[in-house]
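Structure file model-v1.cif; described as mmCIF, C-alpha atoms.
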```
data_protein
#
loop_
_atom_site.label_atom_id
_atom_site.label_comp_id
_atom_site.auth_asym_id
_atom_site.auth_seq_id
_atom_site.Cartn_x
_atom_site.Cartn_y
_atom_site.Cartn_z
CA MET A 25 -201.86 -99.71 61.49
CA LYS A 26 -202.31 -103.46 62.03
CA LYS A 27 -203.08 -105.49 58.93
CA LEU A 28 -206.79 -106.32 58.91
CA ILE A 29 -207.40 -109.49 56.91
CA TYR A 30 -211.17 -109.09 56.78
CA ILE A 31 -210.80 -105.67 55.16
CA GLU A 32 -208.56 -107.21 52.50
CA TYR A 33 -211.27 -109.78 51.77
CA LEU A 34 -213.96 -107.10 51.54
CA LYS A 35 -211.89 -104.94 49.19
CA ALA A 36 -210.83 -107.88 47.03
CA PHE A 37 -214.25 -109.44 46.48
CA SER A 38 -216.07 -106.12 46.15
CA MET A 39 -213.63 -104.97 43.47
CA LEU A 40 -213.88 -108.31 41.66
CA TYR A 41 -217.64 -107.83 41.51
CA ILE A 42 -217.38 -104.29 40.14
CA VAL A 43 -214.59 -104.99 37.63
CA GLY A 44 -215.37 -108.62 36.83
CA TYR A 45 -219.14 -108.40 36.61
CA TRP A 46 -220.85 -105.03 36.87
CA HIS A 47 -218.59 -103.18 34.43
CA LEU A 48 -217.43 -106.22 32.47
CA PHE A 49 -220.87 -106.91 30.99
CA ASN A 50 -220.96 -103.37 29.55
CA TYR A 51 -218.73 -104.78 26.80
CA THR A 52 -220.92 -107.64 25.60
CA SER A 53 -224.59 -108.23 24.90
CA ALA A 54 -224.33 -111.86 26.00
CA PHE A 55 -226.11 -111.20 29.29
CA PRO A 56 -228.44 -108.18 28.91
CA SER A 57 -230.24 -108.92 32.18
CA TYR A 58 -227.03 -108.55 34.23
CA ASN A 59 -228.38 -105.18 35.40
CA ASN A 60 -231.49 -106.07 37.37
CA LEU A 61 -233.12 -105.01 40.63
CA PHE A 62 -230.96 -107.34 42.74
CA THR A 63 -227.59 -106.59 41.11
CA SER A 64 -228.25 -102.84 40.97
CA LYS A 65 -228.96 -102.78 44.72
CA LEU A 66 -225.96 -105.03 45.38
CA THR A 67 -223.77 -102.58 43.46
CA LEU A 68 -225.03 -99.70 45.61
CA ILE A 69 -224.27 -101.70 48.74
CA LEU A 70 -220.74 -102.70 47.68
CA LEU A 71 -219.85 -99.15 46.67
CA GLY A 72 -221.24 -98.05 50.04
CA LEU A 73 -219.03 -100.67 51.67
CA PHE A 74 -215.99 -99.21 49.91
CA VAL A 75 -216.95 -95.74 51.16
CA LEU A 76 -217.44 -97.03 54.70
CA LEU A 77 -214.03 -98.75 54.56
CA SER A 78 -212.48 -95.51 53.28
CA GLY A 79 -213.91 -93.60 56.22
CA PHE A 80 -212.79 -96.27 58.66
CA LEU A 81 -209.22 -96.46 57.34
CA VAL A 82 -208.89 -92.69 56.99
CA GLY A 83 -210.19 -92.23 60.51
CA LYS A 84 -207.65 -94.72 61.83
CA SER A 85 -204.75 -93.09 60.02
CA SER A 86 -205.73 -89.44 60.46
CA THR A 87 -205.07 -89.61 64.19
CA ASN A 88 -201.38 -89.73 63.30
CA ASP A 89 -201.47 -86.55 61.21
CA SER A 90 -200.07 -83.50 62.95
CA SER A 91 -201.96 -80.95 60.88
CA VAL A 92 -204.75 -80.45 58.38
CA PHE A 93 -202.12 -79.65 55.76
CA GLY A 94 -200.31 -82.90 56.56
CA PHE A 95 -203.54 -84.86 56.12
CA TYR A 96 -204.32 -83.30 52.71
CA LYS A 97 -200.74 -83.68 51.53
CA LYS A 98 -200.70 -87.36 52.47
CA LYS A 99 -204.00 -88.11 50.74
CA LEU A 100 -203.18 -86.10 47.62
CA PHE A 101 -199.75 -87.67 47.24
CA ARG A 102 -201.23 -91.13 47.63
CA ILE A 103 -204.24 -90.98 45.31
CA TYR A 104 -203.96 -88.01 42.97
CA PRO A 105 -201.14 -88.95 40.53
CA LEU A 106 -202.72 -92.28 39.56
CA TYR A 107 -206.15 -90.66 39.49
CA ALA A 108 -204.90 -87.88 37.19
CA LEU A 109 -203.33 -90.47 34.90
CA ALA A 110 -206.65 -92.33 34.77
CA VAL A 111 -208.54 -89.11 33.96
CA ILE A 112 -206.17 -88.46 31.05
CA LEU A 113 -206.53 -92.02 29.78
CA PHE A 114 -210.32 -91.83 29.95
CA TYR A 115 -210.15 -88.67 27.86
CA LEU A 116 -207.76 -90.21 25.32
CA TYR A 117 -210.00 -93.27 25.04
CA ASP A 118 -212.96 -90.95 24.47
CA LEU A 119 -214.68 -92.18 27.62
CA ASN A 120 -215.02 -88.66 29.04
CA SER A 121 -215.08 -85.24 27.38
CA SER A 122 -212.41 -82.58 27.88
CA ILE A 123 -214.70 -80.43 30.07
CA VAL A 124 -215.64 -83.38 32.26
CA SER A 125 -211.97 -84.36 32.52
CA ILE A 126 -210.89 -80.87 33.60
CA LYS A 127 -213.65 -80.71 36.21
CA SER A 128 -212.57 -84.14 37.42
CA LEU A 129 -208.94 -83.11 37.77
CA ILE A 130 -209.88 -80.24 40.09
CA PHE A 131 -212.48 -82.33 41.96
CA VAL A 132 -215.54 -80.17 41.24
CA SER A 133 -217.45 -82.51 38.92
CA MET A 134 -219.60 -83.92 41.73
CA TYR A 135 -220.95 -80.41 42.34
CA LEU A 136 -220.66 -78.89 38.87
CA GLY A 137 -221.56 -81.88 36.73
CA PRO A 138 -221.62 -83.81 34.62
CA THR A 139 -219.58 -86.36 36.51
CA PRO A 140 -216.98 -88.57 34.80
CA LYS A 141 -217.77 -92.11 33.79
CA THR A 142 -216.58 -94.56 36.48
CA LEU A 143 -214.11 -92.07 37.99
CA TRP A 144 -216.94 -90.18 39.69
CA PHE A 145 -216.46 -92.51 42.64
CA ILE A 146 -212.90 -91.33 43.30
CA THR A 147 -213.95 -87.70 42.86
CA MET A 148 -216.68 -88.25 45.43
CA VAL A 149 -214.41 -89.96 47.95
CA PHE A 150 -211.90 -87.14 47.67
CA SER A 151 -214.65 -84.61 48.39
CA PHE A 152 -215.27 -86.59 51.59
CA TYR A 153 -211.57 -86.34 52.42
CA LEU A 154 -211.86 -82.57 52.24
CA ILE A 155 -214.30 -82.45 55.15
CA THR A 156 -212.56 -85.18 57.18
CA PRO A 157 -210.39 -82.87 59.34
CA LEU A 158 -213.52 -80.91 60.29
CA SER A 159 -215.43 -84.10 61.10
CA MET A 160 -212.56 -85.55 63.11
CA LYS A 161 -212.37 -82.32 65.11
CA TRP A 162 -215.80 -83.10 66.57
CA ILE A 163 -215.57 -86.88 66.76
CA GLU A 164 -214.69 -86.92 70.45
CA ASN A 165 -218.25 -85.76 71.05
CA PRO A 166 -220.66 -88.09 69.18
CA ILE A 167 -223.56 -85.62 69.44
CA LYS A 168 -221.52 -82.79 67.91
CA PHE A 169 -220.12 -85.19 65.32
CA LEU A 170 -223.64 -86.18 64.28
CA ALA A 171 -224.84 -82.57 64.29
CA MET A 172 -221.91 -81.33 62.19
CA ASN A 173 -222.24 -84.02 59.54
CA SER A 174 -226.02 -83.66 59.46
CA PHE A 175 -225.49 -79.96 58.81
CA ILE A 176 -223.08 -80.76 55.94
CA PHE A 177 -225.62 -83.24 54.52
CA ILE A 178 -228.37 -80.59 54.59
CA ILE A 179 -226.12 -78.02 52.90
CA ILE A 180 -225.29 -80.45 50.09
CA PHE A 181 -228.99 -81.31 49.73
CA ILE A 182 -229.86 -77.61 49.41
CA LEU A 183 -227.12 -77.19 46.79
CA LEU A 184 -228.54 -80.17 44.91
CA ILE A 185 -231.98 -78.53 44.81
CA ILE A 186 -230.70 -75.06 43.86
CA LEU A 187 -227.87 -75.84 41.43
CA LYS A 188 -229.34 -78.93 39.73
CA THR A 189 -225.75 -79.93 38.88
CA VAL A 190 -224.90 -81.69 42.15
CA ASP A 191 -224.68 -85.48 41.80
CA TYR A 192 -227.14 -87.16 44.20
CA ARG A 193 -224.61 -89.95 44.89
CA ILE A 194 -222.60 -87.66 47.13
CA LEU A 195 -225.62 -87.64 49.47
CA LEU A 196 -226.26 -91.35 49.00
CA TYR A 197 -222.81 -92.34 50.23
CA PHE A 198 -221.91 -89.53 52.65
CA PRO A 199 -223.59 -91.22 55.67
CA SER A 200 -221.56 -94.39 55.05
CA TYR A 201 -218.34 -92.38 55.10
CA CYS A 202 -219.34 -90.70 58.36
CA LEU A 203 -220.19 -94.09 59.85
CA GLY A 204 -216.74 -95.32 58.88
CA LEU A 205 -215.15 -92.37 60.66
CA TYR A 206 -217.27 -93.03 63.73
CA CYS A 207 -216.37 -96.73 63.83
CA SER A 208 -212.68 -95.90 63.46
CA ARG A 209 -212.83 -94.11 66.82
CA TYR A 210 -215.46 -96.03 68.80
CA GLY A 211 -215.38 -99.49 67.26
CA LEU A 212 -217.90 -101.42 65.21
CA VAL A 213 -220.22 -102.17 68.10
CA THR A 214 -221.40 -99.38 70.39
CA ARG A 215 -224.60 -98.38 72.10
CA ALA A 216 -225.57 -96.24 69.11
CA VAL A 217 -224.17 -98.45 66.34
CA ASN A 218 -224.74 -102.18 66.50
CA TYR A 219 -226.39 -105.16 64.82
CA LYS A 220 -229.90 -104.25 66.02
CA VAL A 221 -229.59 -100.68 64.74
CA GLY A 222 -228.36 -102.02 61.39
CA VAL A 223 -231.37 -104.32 61.06
CA LEU A 224 -233.70 -101.48 62.12
CA SER A 225 -232.19 -99.26 59.42
CA LEU A 226 -232.84 -102.02 56.90
CA LEU A 227 -236.48 -102.25 58.00
CA ILE A 228 -236.80 -98.48 57.63
CA TRP A 229 -235.56 -98.80 54.04
CA VAL A 230 -238.23 -101.44 53.32
CA GLY A 231 -240.89 -99.02 54.56
CA ILE A 232 -239.47 -96.09 52.60
CA PHE A 233 -239.05 -98.21 49.47
CA LEU A 234 -242.79 -98.88 49.40
CA ILE A 235 -243.56 -95.15 49.39
CA GLU A 236 -244.01 -93.91 45.85
CA THR A 237 -242.71 -90.51 44.73
CA ASN A 238 -242.55 -88.72 41.40
CA SER A 239 -239.06 -87.35 42.09
CA TRP A 240 -236.27 -89.40 40.48
CA THR A 241 -233.70 -87.94 42.89
CA LEU A 242 -235.74 -88.76 45.99
CA ASN A 243 -236.26 -92.29 44.67
CA GLN A 244 -232.46 -92.68 44.57
CA LEU A 245 -231.94 -91.12 48.00
CA LYS A 246 -234.46 -93.56 49.47
CA ASN A 247 -231.63 -96.11 49.19
CA ILE A 248 -229.56 -94.40 51.91
CA PRO A 249 -230.84 -96.72 54.71
CA LEU A 250 -230.23 -99.75 52.45
CA VAL A 251 -226.65 -98.74 51.65
CA LEU A 252 -225.91 -97.70 55.22
CA SER A 253 -227.36 -100.79 56.92
CA PHE A 254 -226.09 -103.48 54.55
CA SER A 255 -222.59 -102.02 54.22
CA TYR A 256 -222.35 -101.84 58.01
CA LEU A 257 -223.74 -105.35 58.57
CA ILE A 258 -221.34 -106.85 56.01
CA PHE A 259 -218.49 -104.97 57.69
CA LEU A 260 -219.56 -106.13 61.15
CA VAL A 261 -220.03 -109.81 60.23
CA SER A 262 -216.66 -109.86 58.46
CA HIS A 263 -214.99 -108.27 61.48
CA LEU A 264 -216.54 -110.75 63.91
CA ASN A 265 -215.40 -113.69 61.78
CA GLU A 266 -211.89 -112.48 60.96
CA ASN A 267 -210.30 -115.37 62.86
CA LYS A 268 -211.94 -117.78 60.37
CA LEU A 269 -210.33 -116.09 57.36
CA LYS A 270 -207.03 -117.39 56.03
CA ASN A 271 -204.33 -114.99 54.92
CA PHE A 272 -204.11 -115.90 51.22
CA LYS A 273 -201.55 -114.01 49.12
CA ILE A 274 -203.97 -113.70 46.19
CA ILE A 275 -206.49 -111.92 48.43
CA SER A 276 -203.80 -109.53 49.68
CA LYS A 277 -202.69 -108.80 46.12
CA LEU A 278 -206.24 -108.21 44.93
CA SER A 279 -206.85 -105.88 47.85
CA TYR A 280 -203.57 -104.10 47.20
CA SER A 281 -204.43 -103.68 43.50
CA SER A 282 -208.06 -102.62 44.05
CA TYR A 283 -207.50 -98.86 43.65
CA ALA A 284 -205.53 -99.24 40.40
CA MET A 285 -208.00 -101.85 39.13
CA TYR A 286 -210.85 -99.42 39.58
CA LEU A 287 -208.95 -96.60 37.88
CA PHE A 288 -207.61 -98.45 34.86
CA HIS A 289 -209.87 -101.41 34.08
CA ARG A 290 -211.93 -99.60 31.44
CA PRO A 291 -208.93 -98.43 29.34
CA ILE A 292 -207.41 -101.90 29.65
CA TYR A 293 -210.65 -103.60 28.60
CA SER A 294 -211.00 -101.19 25.66
CA SER A 295 -207.44 -101.89 24.50
CA LEU A 296 -207.85 -105.65 24.70
CA ILE A 297 -211.17 -105.55 22.86
CA TYR A 298 -209.59 -103.39 20.16
CA LEU A 299 -206.83 -105.97 19.68
CA TYR A 300 -209.16 -108.95 19.60
CA PHE A 301 -212.81 -109.66 20.36
CA PRO A 302 -214.75 -112.82 19.47
CA SER A 303 -217.98 -112.50 17.52
CA ASN A 304 -219.79 -115.19 19.50
CA ASN A 305 -221.45 -114.04 22.74
CA ASN A 306 -220.33 -117.03 24.81
CA GLU A 307 -216.76 -116.64 23.59
CA GLN A 308 -216.89 -112.93 24.42
CA VAL A 309 -217.81 -113.73 28.03
CA LEU A 310 -215.01 -116.31 28.29
CA TYR A 311 -212.51 -113.86 26.80
CA LEU A 312 -213.56 -111.03 29.10
CA MET A 313 -213.77 -113.09 32.28
CA GLY A 314 -210.62 -115.06 31.48
CA PRO A 315 -207.62 -113.39 29.80
CA CYS A 316 -208.98 -109.83 30.03
CA LEU A 317 -209.75 -109.92 33.75
CA LEU A 318 -206.40 -111.56 34.51
CA ILE A 319 -204.56 -108.90 32.51
CA VAL A 320 -206.52 -106.16 34.31
CA PHE A 321 -205.43 -107.64 37.64
CA PHE A 322 -201.74 -108.12 36.77
CA LEU A 323 -201.38 -104.72 35.10
CA SER A 324 -203.13 -102.99 37.98
CA TRP A 325 -200.87 -104.73 40.49
CA ALA A 326 -197.81 -103.69 38.46
CA ILE A 327 -198.99 -100.08 38.17
CA GLN A 328 -199.67 -99.84 41.92
CA LYS A 329 -196.36 -101.52 42.76
CA LEU A 330 -194.40 -99.21 40.46
CA TYR A 331 -196.13 -96.13 41.81
CA ASP A 332 -195.56 -97.14 45.44
CA SER A 333 -191.88 -97.84 44.76
CA MET A 334 -191.54 -94.39 43.16
CA ARG A 335 -193.26 -92.78 46.16
CA TYR A 336 -191.00 -94.64 48.56
CA THR A 337 -187.88 -93.71 46.61
CA LYS A 338 -188.87 -90.05 46.52
CA PHE A 339 -189.66 -90.02 50.25
CA TYR A 340 -186.45 -91.86 51.11
CA SER A 341 -184.32 -89.45 49.04
CA ARG A 342 -185.87 -86.47 50.86
CA THR A 343 -185.09 -87.90 54.29
CA ASN A 344 -181.42 -88.61 53.53
#
```
Please express what this file holds, its structure, as structure tokens.
Amino acid sequence: MKKLIYIEYLKAFSMLYIVGYWHLFNYTSAFPSYNNLFTSKLTLILLGLFVLLSGFLVGKSSTNDSSVFGFYKKKLFRIYPLYALAVILFYLYDLNSSIVSIKSLIFVSMYLGPTPKTLWFITMVFSFYLITPLSMKWIENPIKFLAMNSFIFIIIFILLIILKTVDYRILLYFPSYCLGLYCSRYGLVTRAVNYKVGVLSLLIWVGIFLIETNSWTLNQLKNIPLVLSFSYLIFLVSHLNENKLKNFKIISKLSYSSYAMYLFHRPIYSSLIYLYFPSNNNEQVLYLMGPCLLIVFFLSWAIQKLYDSMRYTKFYSRTN
């Protein structure tokens, strides 16, 4: 698949926000108001953008898979080993319990919670991968595609009500994944999906947001139009302005390292804080945003590079 510079930018800056701001300030009390209404909504949007990108890229690549088994094998081989290593590290660092870790390793924690700290996102995305072959089967017919995924959404919603252990975030981000799949086949601008529809979806969220409800879960699910519209609009604007973006190596490396950065930044932060941590709040912020963030980036790049070289070597040895 052709290298898409705008996607590299989106992945790089979104991951920098998550790792270098949203999660970084968990480790210091220097900025207690970092989690506010604006940043919490921005976090939802950027995670939704990652999900949309995942659907888009998976949809683009899945057309080359000859079978459902081939699709699952490719995805498992690409994401599972590093994910499993991260799950083990989170357990060893006492970030997740043994039960949560086991559920995470077999990808059931989103349905049979509790979900793992931070790693829930990867567990969720993989659960979307599981239904991708079914969704792609119907994608040639947009009406059937919409009907099938709406049916899946309703089933998950019913499970959430009945089991009480289903994580609401799987419903929050599922529409974004489906939109990514749709755009991978039909493009970012169609009669059904375009700038006007995105703005309309945003206006719908404003109306829904003003409606008060006593249900915590419904209050969270009210953000679906927000996540869906903003993630799409950011994706669309970036796509339309790709020719204005320069191909910087640092952006490519950040994008390339984004998966490993997400998986391993918490254990790396914890290790660095254990070795040294200033007592002054301002110095803590400088330490975290300076040396710590740089080390997270370089180690993540090295981990991803080493893993990819091992995958390539194994594949090459099998074909010779």
Selected by the PyMOL selection byres ((chain A and resi 37) around 12) in the shown coordinates: which residues, as a ChimeraX atom specification? /A:30-36,38-45,70-71,73-74,274-282
Choose the residue, out of A:Val92, A:Leu187, A:Ala216, A:Leu296, that has the smallest atom-to-atom separation from Leu136 in chain A; count only C-alpha atoms.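 Once distances to Leu136 in chain A are computed over only C-alpha atoms, the minimum belongs to A:Leu187.
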Could you check which of A:Ile178, A:Val309, A:Ile29, A:Cys316 is closest to Phe55 in chain A, using all atoms listed in the file?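 Of the candidates, the smallest distance to Phe55 in chain A is held by A:Val309.
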Could you check how far CA of Asn306 in chain A sits from CA of Met285 in chain A, in Å to one decimal? 24.2 Å
Grab the CA of Arg193 in chain A to CA of Trp325 in chain A distance for me, in Å with one decimal place. 28.3 Å
Closest of A:Tyr192, A:Trp46, A:Phe321, A:Trp162 to Gln244 in chain A - atom-to-atom distances counting all atoms listed in the file: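 Going through A:Tyr192, A:Trp46, A:Phe321, A:Trp162 one by one, the smallest distance to Gln244 in chain A is for A:Tyr192.
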Have a look at A:Ser53, A:Thr139, A:Asn238, A:Asn173 and name the one nearest to Val190 in chain A; count all atoms listed in the file. A:Thr139
Can you pull out every residue within 10 Å of Pro157 in chain A, counting only C-alpha atoms, but drop anything in the same chain fewer than 2 positions away, and send it as a PDB file with C-alpha atoms, in the coordinates of the input?
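Written file, out02.pdb:
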```pdb
ATOM      1  CA  GLY A  83    -210.190 -92.230  60.510  1.00  0.00           C
ATOM      2  CA  SER A  86    -205.730 -89.440  60.460  1.00  0.00           C
ATOM      3  CA  THR A  87    -205.070 -89.610  64.190  1.00  0.00           C
ATOM      4  CA  ASP A  89    -201.470 -86.550  61.210  1.00  0.00           C
ATOM      5  CA  SER A  91    -201.960 -80.950  60.880  1.00  0.00           C
ATOM      6  CA  VAL A  92    -204.750 -80.450  58.380  1.00  0.00           C
ATOM      7  CA  PHE A  93    -202.120 -79.650  55.760  1.00  0.00           C
ATOM      8  CA  PHE A  95    -203.540 -84.860  56.120  1.00  0.00           C
ATOM      9  CA  TYR A  96    -204.320 -83.300  52.710  1.00  0.00           C
ATOM     10  CA  PHE A 152    -215.270 -86.590  51.590  1.00  0.00           C
ATOM     11  CA  TYR A 153    -211.570 -86.340  52.420  1.00  0.00           C
ATOM     12  CA  LEU A 154    -211.860 -82.570  52.240  1.00  0.00           C
ATOM     13  CA  ILE A 155    -214.300 -82.450  55.150  1.00  0.00           C
ATOM     14  CA  SER A 159    -215.430 -84.100  61.100  1.00  0.00           C
ATOM     15  CA  MET A 160    -212.560 -85.550  63.110  1.00  0.00           C
ATOM     16  CA  LYS A 161    -212.370 -82.320  65.110  1.00  0.00           C
ATOM     17  CA  TRP A 162    -215.800 -83.100  66.570  1.00  0.00           C
ATOM     18  CA  ILE A 163    -215.570 -86.880  66.760  1.00  0.00           C
TER      19      ILE A 163
END
```
